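S.K.: So here's start-v3.cif (mmCIF, C-alpha atoms).
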data_entry
loop_
_atom_site.label_atom_id
_atom_site.label_comp_id
_atom_site.auth_asym_id
_atom_site.auth_seq_id
_atom_site.Cartn_x
_atom_site.Cartn_y
_atom_site.Cartn_z
CA MET A 1 98.67 114.62 114.09
CA ALA A 2 100.97 115.25 111.18
CA VAL A 3 102.51 113.75 108.09
CA MET A 4 106.01 115.12 108.62
CA ARG A 5 107.83 114.49 105.37
CA ILE A 6 108.61 112.08 102.61
CA GLY A 7 110.33 109.06 104.11
CA HIS A 8 111.48 107.08 101.09
CA VAL A 9 110.61 105.90 97.62
CA SER A 10 110.92 102.35 96.36
CA VAL A 11 111.40 101.90 92.62
CA ARG A 12 111.88 99.00 90.23
CA VAL A 13 114.83 99.13 87.82
CA THR A 14 115.62 96.93 84.82
CA ASP A 15 119.42 97.18 85.11
CA ILE A 16 120.48 97.14 88.75
CA GLU A 17 124.17 97.84 88.03
CA LYS A 18 123.42 100.91 85.89
CA ALA A 19 120.93 102.11 88.50
CA ARG A 20 123.47 101.68 91.31
CA ASP A 21 126.01 103.67 89.30
CA HIS A 22 123.42 106.40 88.65
CA TYR A 23 122.23 106.75 92.25
CA SER A 24 125.78 106.58 93.67
CA ASN A 25 127.87 108.51 91.15
CA VAL A 26 125.41 110.83 89.40
CA ILE A 27 122.90 111.66 92.15
CA GLY A 28 125.53 111.21 94.86
CA LEU A 29 123.58 109.01 97.26
CA ILE A 30 125.29 106.75 99.79
CA GLU A 31 124.60 103.00 99.72
CA THR A 32 123.55 101.87 103.20
CA HIS A 33 122.36 98.30 102.66
CA ARG A 34 122.18 95.66 99.95
CA GLU A 35 120.04 92.52 100.05
CA SER A 36 121.14 89.22 98.53
CA GLY A 37 118.52 89.55 95.76
CA GLY A 38 120.02 92.88 94.67
CA THR A 39 117.64 95.36 96.31
CA THR A 40 119.80 98.32 97.33
CA TYR A 41 119.15 101.11 99.84
CA TYR A 42 120.49 104.67 99.66
CA LYS A 43 120.49 107.85 101.70
CA ALA A 44 121.62 111.38 101.01
CA TRP A 45 124.44 112.89 103.04
CA ASP A 46 122.22 115.22 105.12
CA GLU A 47 119.60 112.63 106.06
CA TRP A 48 119.35 110.98 109.47
CA ASP A 49 117.37 107.88 108.52
CA ARG A 50 118.93 104.66 107.19
CA TYR A 51 117.65 105.28 103.64
CA SER A 52 115.40 107.39 101.43
CA VAL A 53 115.64 105.48 98.14
CA ILE A 54 115.23 101.75 97.51
CA ILE A 55 115.99 100.27 94.10
CA THR A 56 114.73 96.78 93.30
CA PRO A 57 115.72 94.68 90.27
CA SER A 58 112.77 93.92 87.99
CA ASP A 59 111.89 93.10 84.40
CA HIS A 60 109.91 96.38 84.19
CA SER A 61 110.59 99.79 85.67
CA GLY A 62 108.24 101.82 87.83
CA ALA A 63 107.34 102.78 91.36
CA ASN A 64 106.78 100.15 94.03
CA TYR A 65 105.52 102.71 96.54
CA ILE A 66 106.20 106.05 98.18
CA ALA A 67 106.43 106.30 101.96
CA TYR A 68 105.80 109.24 104.26
CA LYS A 69 106.84 109.59 107.87
CA VAL A 70 104.23 110.54 110.45
CA GLU A 71 104.98 112.12 113.79
CA ARG A 72 103.89 109.31 116.15
CA ASP A 73 103.16 105.60 115.84
CA SER A 74 99.67 106.08 117.32
CA GLU A 75 98.80 108.30 114.34
CA LEU A 76 99.02 105.29 112.03
CA ASP A 77 95.74 104.05 113.55
CA THR A 78 94.07 107.45 113.13
CA PHE A 79 95.23 107.79 109.52
CA GLY A 80 94.33 104.17 108.79
CA ASP A 81 90.78 104.67 110.10
CA ALA A 82 90.34 107.89 108.10
CA ILE A 83 91.60 106.26 104.91
CA ALA A 84 89.38 103.19 105.40
CA LYS A 85 86.34 105.47 105.89
CA ARG A 86 86.97 106.73 102.34
CA GLY A 87 86.53 103.17 101.09
CA ILE A 88 90.24 102.48 100.57
CA GLU A 89 91.63 99.20 101.85
CA VAL A 90 94.38 99.67 104.45
CA GLU A 91 96.95 96.95 105.07
CA GLN A 92 98.69 96.81 108.44
CA LEU A 93 102.43 96.05 108.19
CA LYS A 94 104.30 94.62 111.17
CA PRO A 95 107.63 96.10 112.28
CA GLY A 96 110.36 94.91 109.92
CA ALA A 97 108.00 94.14 107.01
CA ILE A 98 109.82 97.03 105.37
CA PRO A 99 113.48 96.67 106.39
CA PHE A 100 114.59 98.95 109.23
CA VAL A 101 111.06 100.40 109.57
CA GLY A 102 108.64 99.98 112.47
CA ARG A 103 104.94 99.34 112.12
CA ALA A 104 103.38 100.85 109.00
CA ILE A 105 100.21 101.01 106.95
CA ARG A 106 99.94 100.55 103.18
CA PHE A 107 97.16 101.59 100.82
CA THR A 108 96.56 102.50 97.18
CA LEU A 109 95.84 106.07 96.08
CA PRO A 110 93.09 106.91 93.55
CA SER A 111 95.97 107.40 91.06
CA SER A 112 96.81 103.66 91.57
CA HIS A 113 100.13 104.50 93.29
CA ARG A 114 100.87 102.52 96.43
CA MET A 115 101.61 104.55 99.54
CA VAL A 116 103.01 103.69 102.96
CA LEU A 117 102.83 105.66 106.20
CA PHE A 118 105.27 104.87 109.01
CA ALA A 119 106.53 106.55 112.19
CA GLU A 120 109.82 104.82 112.96
CA LYS A 121 112.91 104.01 110.88
CA GLU A 122 116.43 103.17 111.99
CA ALA A 123 118.54 106.32 112.16
CA VAL A 124 122.21 106.27 111.14
CA GLY A 125 123.08 109.97 111.27
CA ARG A 126 124.33 112.60 108.86
CA SER A 127 127.61 112.42 106.94
CA VAL A 128 128.79 115.77 108.35
CA GLY A 129 128.06 114.94 111.99
CA VAL A 130 126.04 116.90 114.49
CA VAL A 131 128.36 119.08 116.58
CA ASN A 132 129.85 121.94 114.56
CA PRO A 133 129.16 120.13 111.26
CA ASP A 134 130.91 120.95 108.02
CA PRO A 135 128.60 122.68 105.54
CA TRP A 136 129.24 119.98 102.92
CA PRO A 137 130.96 116.56 103.06
CA ASP A 138 134.41 116.26 101.45
CA ASP A 139 133.66 112.97 99.67
CA VAL A 140 130.41 113.90 97.88
CA LYS A 141 129.95 112.43 94.39
CA GLY A 142 127.95 113.67 91.42
CA ALA A 143 125.17 116.11 92.25
CA GLY A 144 125.65 115.48 95.96
CA ALA A 145 121.94 115.37 96.78
CA MET A 146 121.37 116.61 100.34
CA HIS A 147 118.03 114.89 100.93
CA LEU A 148 114.95 113.50 99.24
CA ASP A 149 112.40 116.30 99.27
CA HIS A 150 109.81 115.40 96.63
CA CYS A 151 108.51 112.74 94.31
CA LEU A 152 106.55 113.30 91.11
CA LEU A 153 103.51 111.08 90.67
CA MET A 154 101.72 110.98 87.32
CA ALA A 155 98.12 109.90 86.97
CA GLU A 156 95.56 109.21 84.29
CA ILE A 157 93.44 112.05 82.88
CA GLU A 158 90.91 111.34 80.13
CA PRO A 159 88.33 114.17 80.13
CA SER A 160 86.23 112.64 77.34
CA GLN A 161 85.58 109.66 79.61
CA GLY A 162 85.25 111.67 82.82
CA ILE A 163 88.50 110.28 84.23
CA ASN A 164 90.71 112.59 86.29
CA ARG A 165 92.82 110.58 88.71
CA VAL A 166 94.91 113.69 89.44
CA ALA A 167 91.87 115.51 90.85
CA ASP A 168 90.73 112.36 92.68
CA THR A 169 94.16 111.98 94.30
CA CYS A 170 94.35 115.69 95.20
CA ARG A 171 90.94 115.42 96.89
CA PHE A 172 92.15 112.39 98.82
CA PHE A 173 95.24 114.23 100.06
CA THR A 174 93.22 117.31 100.97
#
Can you dump the structure from the file as structure tokens?
M.R.:
Amino acid sequence: MAVMRIGHVSVRVTDIEKARDHYSNVIGLIETHRESGGTTYYKAWDEWDRYSVIITPSDHSGANYIAYKVERDSELDTFGDAIAKRGIEVEQLKPGAIPFVGRAIRFTLPSSHRMVLFAEKEAVGRSVGVVNPDPWPDDVKGAGAMHLDHCLLMAEIEPSQGINRVADTCRFFT
């Protein structure tokens, strides 16, 4: 049983056009899908999955959720049971509830961040191919991000009131 890696992040943006320009031309991500409401999906050039970043238009910025990929679909039940035993509500998501993703579970961390675990996502392949790939694509823009490898989460700490959501969240992950 393993959480393999970060799968994607979903964020709210207040100016979708500026955000699209930033993710495409500054970070160098590749747009892979756009919904009619403006939500846009991106992947980096060395990623196999359909996307690793979702930007959603909103009147306030912030994180919608962060998703991690687990090794096997059956592990979603095991993780879900373990999370529920810690008193955290676990929501079961049917395949397709998150576009291009199979079955998933969603829950809220002690830090108040929403998290998703999933096992399956549509794969579209790498920009440099598989057999004898180039070391770097010729059409990379901006920073040319290779892949999403981390996400910074901030949480409340107020020692005078005995609040330390960072420690609570670290304990949960451990």
S.K.: Evaluate the PyMOL selection byres ((chain A and resi 139-141) around 6) and record the selected residues as a list in words, following the chain and residue labels used in the document.
M.R.: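 Matching residues under the PyMOL selection byres ((chain A and resi 139-141) around 6) are Asn25, Gly28, Pro137, Asp138, Gly142 and Gly144 of chain A.
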S.K.: Taking all atoms listed in the file into account, which of A:His60, A:Arg103, A:Arg165, A:His147 comes nearest Arg12 (chain A)?
M.R.: A:His60
S.K.: Can you list what the PyMOL selection byres ((chain A and resi 67) around 8) grabs from this structure, as a PyMOL selection string?
M.R.: chain A and resi 6-9+65-66+68-69+115-118
S.K.: Can you turn the PyMOL selection byres ((chain A and resi 73) around 9) into a concrete residue list for this file, as a list in words?
M.R.: Val70, Glu71, Arg72, Ser74, Glu75, Leu76, Asp77, Gly102, Arg103, Ala104, Phe118, Ala119 and Glu120 of chain A
S.K.: Filtering to C-alpha atoms, could you give me those residues as a short mmCIF file (atom, residue, chain, number, x, y, z; two decimals), in the frame of the given file?
M.R.:
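For reference, again.cif as written:
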data_model
loop_
_atom_site.label_atom_id
_atom_site.label_comp_id
_atom_site.auth_asym_id
_atom_site.auth_seq_id
_atom_site.Cartn_x
_atom_site.Cartn_y
_atom_site.Cartn_z
CA VAL A 70 104.23 110.54 110.45
CA GLU A 71 104.98 112.12 113.79
CA ARG A 72 103.89 109.31 116.15
CA SER A 74 99.67 106.08 117.32
CA GLU A 75 98.80 108.30 114.34
CA LEU A 76 99.02 105.29 112.03
CA ASP A 77 95.74 104.05 113.55
CA GLY A 102 108.64 99.98 112.47
CA ARG A 103 104.94 99.34 112.12
CA ALA A 104 103.38 100.85 109.00
CA PHE A 118 105.27 104.87 109.01
CA ALA A 119 106.53 106.55 112.19
CA GLU A 120 109.82 104.82 112.96
#
S.K.: Got a sec: who's within 9 Å of Ile88 (chain A), counting all atoms listed in the file, leaving out chain neighbours fewer than 6 positions off, as number ranges by chain?
M.R.: A: 107-110
S.K.: Quick one: residues within 10 Å of Ala167 (chain A), only C-alpha atoms counted, chain neighbours fewer than 2 positions away excluded, as a list in words?
M.R.: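 Result of the neighbour search: Pro110, Ser111, Ala155, Glu156, Ile157, Ile163, Asn164, Arg165, Thr169, Cys170, Arg171, Phe172 and Phe173 of chain A.
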S.K.: Restricting it to C-alpha atoms, dump the selection as a compact mmCIF listing (two decimals), keeping the file's coordinate frame.
M.R.:
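What landed in selection-v6.txt:
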# COMPACT_ATOMS: atom_id res chain seq x y z
CA PRO A 110 93.09 106.91 93.55
CA SER A 111 95.97 107.40 91.06
CA ALA A 155 98.12 109.90 86.97
CA GLU A 156 95.56 109.21 84.29
CA ILE A 157 93.44 112.05 82.88
CA ILE A 163 88.50 110.28 84.23
CA ASN A 164 90.71 112.59 86.29
CA ARG A 165 92.82 110.58 88.71
CA THR A 169 94.16 111.98 94.30
CA CYS A 170 94.35 115.69 95.20
CA ARG A 171 90.94 115.42 96.89
CA PHE A 172 92.15 112.39 98.82
CA PHE A 173 95.24 114.23 100.06
S.K.: Go through A:Ser127, A:Glu122, A:Val166, A:Ile54 one by one, measure the shortest atom-to-atom distance of each to Met146 (chain A) using only C-alpha atoms, and give the residue with the smallest value.
M.R.: A:Ser127
S.K.: Select, from A:Lys94, A:Pro99, A:Ala145, A:Ser58, the residue with the minimum atom-to-atom distance to Thr32 (chain A), counting only C-alpha atoms.
M.R.: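 Distance minimum relative to Thr32 (chain A) lands on A:Pro99.
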S.K.: Restore all heavy atoms in region 69-80 of chain A and list the result as an mmCIF file, keeping the file's coordinate frame.
M.R.:
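Listing of result-v9.cif after writing:
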data_model
loop_
_atom_site.group_PDB
_atom_site.id
_atom_site.type_symbol
_atom_site.label_atom_id
_atom_site.label_comp_id
_atom_site.auth_asym_id
_atom_site.auth_seq_id
_atom_site.Cartn_x
_atom_site.Cartn_y
_atom_site.Cartn_z
ATOM 1 N N LYS A 69 106.648 109.755 106.434
ATOM 2 C CA LYS A 69 106.840 109.590 107.870
ATOM 3 C C LYS A 69 105.824 110.441 108.617
ATOM 4 O O LYS A 69 105.650 111.618 108.318
ATOM 5 C CB LYS A 69 108.266 110.005 108.255
ATOM 6 C CG LYS A 69 108.651 109.625 109.669
ATOM 7 C CD LYS A 69 110.143 109.838 109.895
ATOM 8 C CE LYS A 69 110.565 109.231 111.214
ATOM 9 N NZ LYS A 69 112.020 109.310 111.403
ATOM 10 N N VAL A 70 105.152 109.817 109.590
ATOM 11 C CA VAL A 70 104.230 110.540 110.450
ATOM 12 C C VAL A 70 104.906 110.793 111.789
ATOM 13 O O VAL A 70 105.931 110.182 112.110
ATOM 14 C CB VAL A 70 102.887 109.784 110.632
ATOM 15 C CG1 VAL A 70 102.202 109.572 109.290
ATOM 16 C CG2 VAL A 70 103.062 108.469 111.355
ATOM 17 N N GLU A 71 104.332 111.688 112.565
ATOM 18 C CA GLU A 71 104.980 112.120 113.790
ATOM 19 C C GLU A 71 105.057 111.029 114.869
ATOM 20 O O GLU A 71 106.083 110.843 115.506
ATOM 21 C CB GLU A 71 104.262 113.348 114.337
ATOM 22 C CG GLU A 71 105.060 114.113 115.337
ATOM 23 C CD GLU A 71 104.455 115.477 115.636
ATOM 24 O OE1 GLU A 71 103.292 115.724 115.271
ATOM 25 O OE2 GLU A 71 105.160 116.284 116.247
ATOM 26 N N ARG A 72 103.937 110.312 115.078
ATOM 27 C CA ARG A 72 103.890 109.310 116.150
ATOM 28 C C ARG A 72 103.253 108.011 115.646
ATOM 29 O O ARG A 72 102.358 108.027 114.814
ATOM 30 C CB ARG A 72 103.065 109.826 117.327
ATOM 31 C CG ARG A 72 103.729 110.914 118.127
ATOM 32 C CD ARG A 72 102.878 111.353 119.318
ATOM 33 N NE ARG A 72 101.847 112.327 119.001
ATOM 34 C CZ ARG A 72 102.060 113.585 118.627
ATOM 35 N NH1 ARG A 72 103.289 114.016 118.473
ATOM 36 N NH2 ARG A 72 101.072 114.392 118.400
ATOM 37 N N ASP A 73 103.695 106.905 116.211
ATOM 38 C CA ASP A 73 103.160 105.600 115.840
ATOM 39 C C ASP A 73 101.648 105.529 116.014
ATOM 40 O O ASP A 73 100.950 104.951 115.177
ATOM 41 C CB ASP A 73 103.841 104.502 116.674
ATOM 42 C CG ASP A 73 103.354 103.125 116.298
ATOM 43 O OD1 ASP A 73 103.844 102.579 115.289
ATOM 44 O OD2 ASP A 73 102.457 102.599 116.996
ATOM 45 N N SER A 74 101.115 106.121 117.067
ATOM 46 C CA SER A 74 99.670 106.080 117.320
ATOM 47 C C SER A 74 98.871 106.726 116.189
ATOM 48 O O SER A 74 97.705 106.390 115.980
ATOM 49 C CB SER A 74 99.341 106.757 118.649
ATOM 50 O OG SER A 74 99.735 108.120 118.618
ATOM 51 N N GLU A 75 99.490 107.632 115.451
ATOM 52 C CA GLU A 75 98.800 108.300 114.340
ATOM 53 C C GLU A 75 98.531 107.356 113.182
ATOM 54 O O GLU A 75 97.650 107.614 112.363
ATOM 55 C CB GLU A 75 99.607 109.508 113.873
ATOM 56 C CG GLU A 75 99.680 110.582 114.923
ATOM 57 C CD GLU A 75 100.606 111.719 114.558
ATOM 58 O OE1 GLU A 75 101.334 111.621 113.552
ATOM 59 O OE2 GLU A 75 100.603 112.718 115.295
ATOM 60 N N LEU A 76 99.271 106.261 113.096
ATOM 61 C CA LEU A 76 99.020 105.290 112.030
ATOM 62 C C LEU A 76 97.592 104.742 112.130
ATOM 63 O O LEU A 76 96.929 104.552 111.111
ATOM 64 C CB LEU A 76 100.032 104.156 112.078
ATOM 65 C CG LEU A 76 101.476 104.561 111.804
ATOM 66 C CD1 LEU A 76 102.414 103.387 112.065
ATOM 67 C CD2 LEU A 76 101.637 105.085 110.390
ATOM 68 N N ASP A 77 97.111 104.533 113.364
ATOM 69 C CA ASP A 77 95.740 104.050 113.550
ATOM 70 C C ASP A 77 94.733 105.106 113.119
ATOM 71 O O ASP A 77 93.750 104.806 112.436
ATOM 72 C CB ASP A 77 95.502 103.668 115.017
ATOM 73 C CG ASP A 77 96.403 102.527 115.460
ATOM 74 O OD1 ASP A 77 96.655 101.615 114.640
ATOM 75 O OD2 ASP A 77 96.857 102.558 116.612
ATOM 76 N N THR A 78 94.978 106.347 113.490
ATOM 77 C CA THR A 78 94.070 107.450 113.130
ATOM 78 C C THR A 78 94.023 107.632 111.615
ATOM 79 O O THR A 78 92.948 107.732 111.023
ATOM 80 C CB THR A 78 94.522 108.757 113.812
ATOM 81 O OG1 THR A 78 94.637 108.532 115.220
ATOM 82 C CG2 THR A 78 93.542 109.878 113.554
ATOM 83 N N PHE A 79 95.201 107.668 110.985
ATOM 84 C CA PHE A 79 95.230 107.790 109.520
ATOM 85 C C PHE A 79 94.592 106.576 108.856
ATOM 86 O O PHE A 79 93.846 106.704 107.892
ATOM 87 C CB PHE A 79 96.670 107.971 109.018
ATOM 88 C CG PHE A 79 97.194 109.362 109.145
ATOM 89 C CD1 PHE A 79 98.279 109.637 109.954
ATOM 90 C CD2 PHE A 79 96.612 110.413 108.440
ATOM 91 C CE1 PHE A 79 98.778 110.925 110.069
ATOM 92 C CE2 PHE A 79 97.104 111.703 108.552
ATOM 93 C CZ PHE A 79 98.188 111.965 109.367
ATOM 94 N N GLY A 80 94.897 105.387 109.355
ATOM 95 C CA GLY A 80 94.330 104.170 108.790
ATOM 96 C C GLY A 80 92.808 104.174 108.839
ATOM 97 O O GLY A 80 92.144 103.828 107.851
#
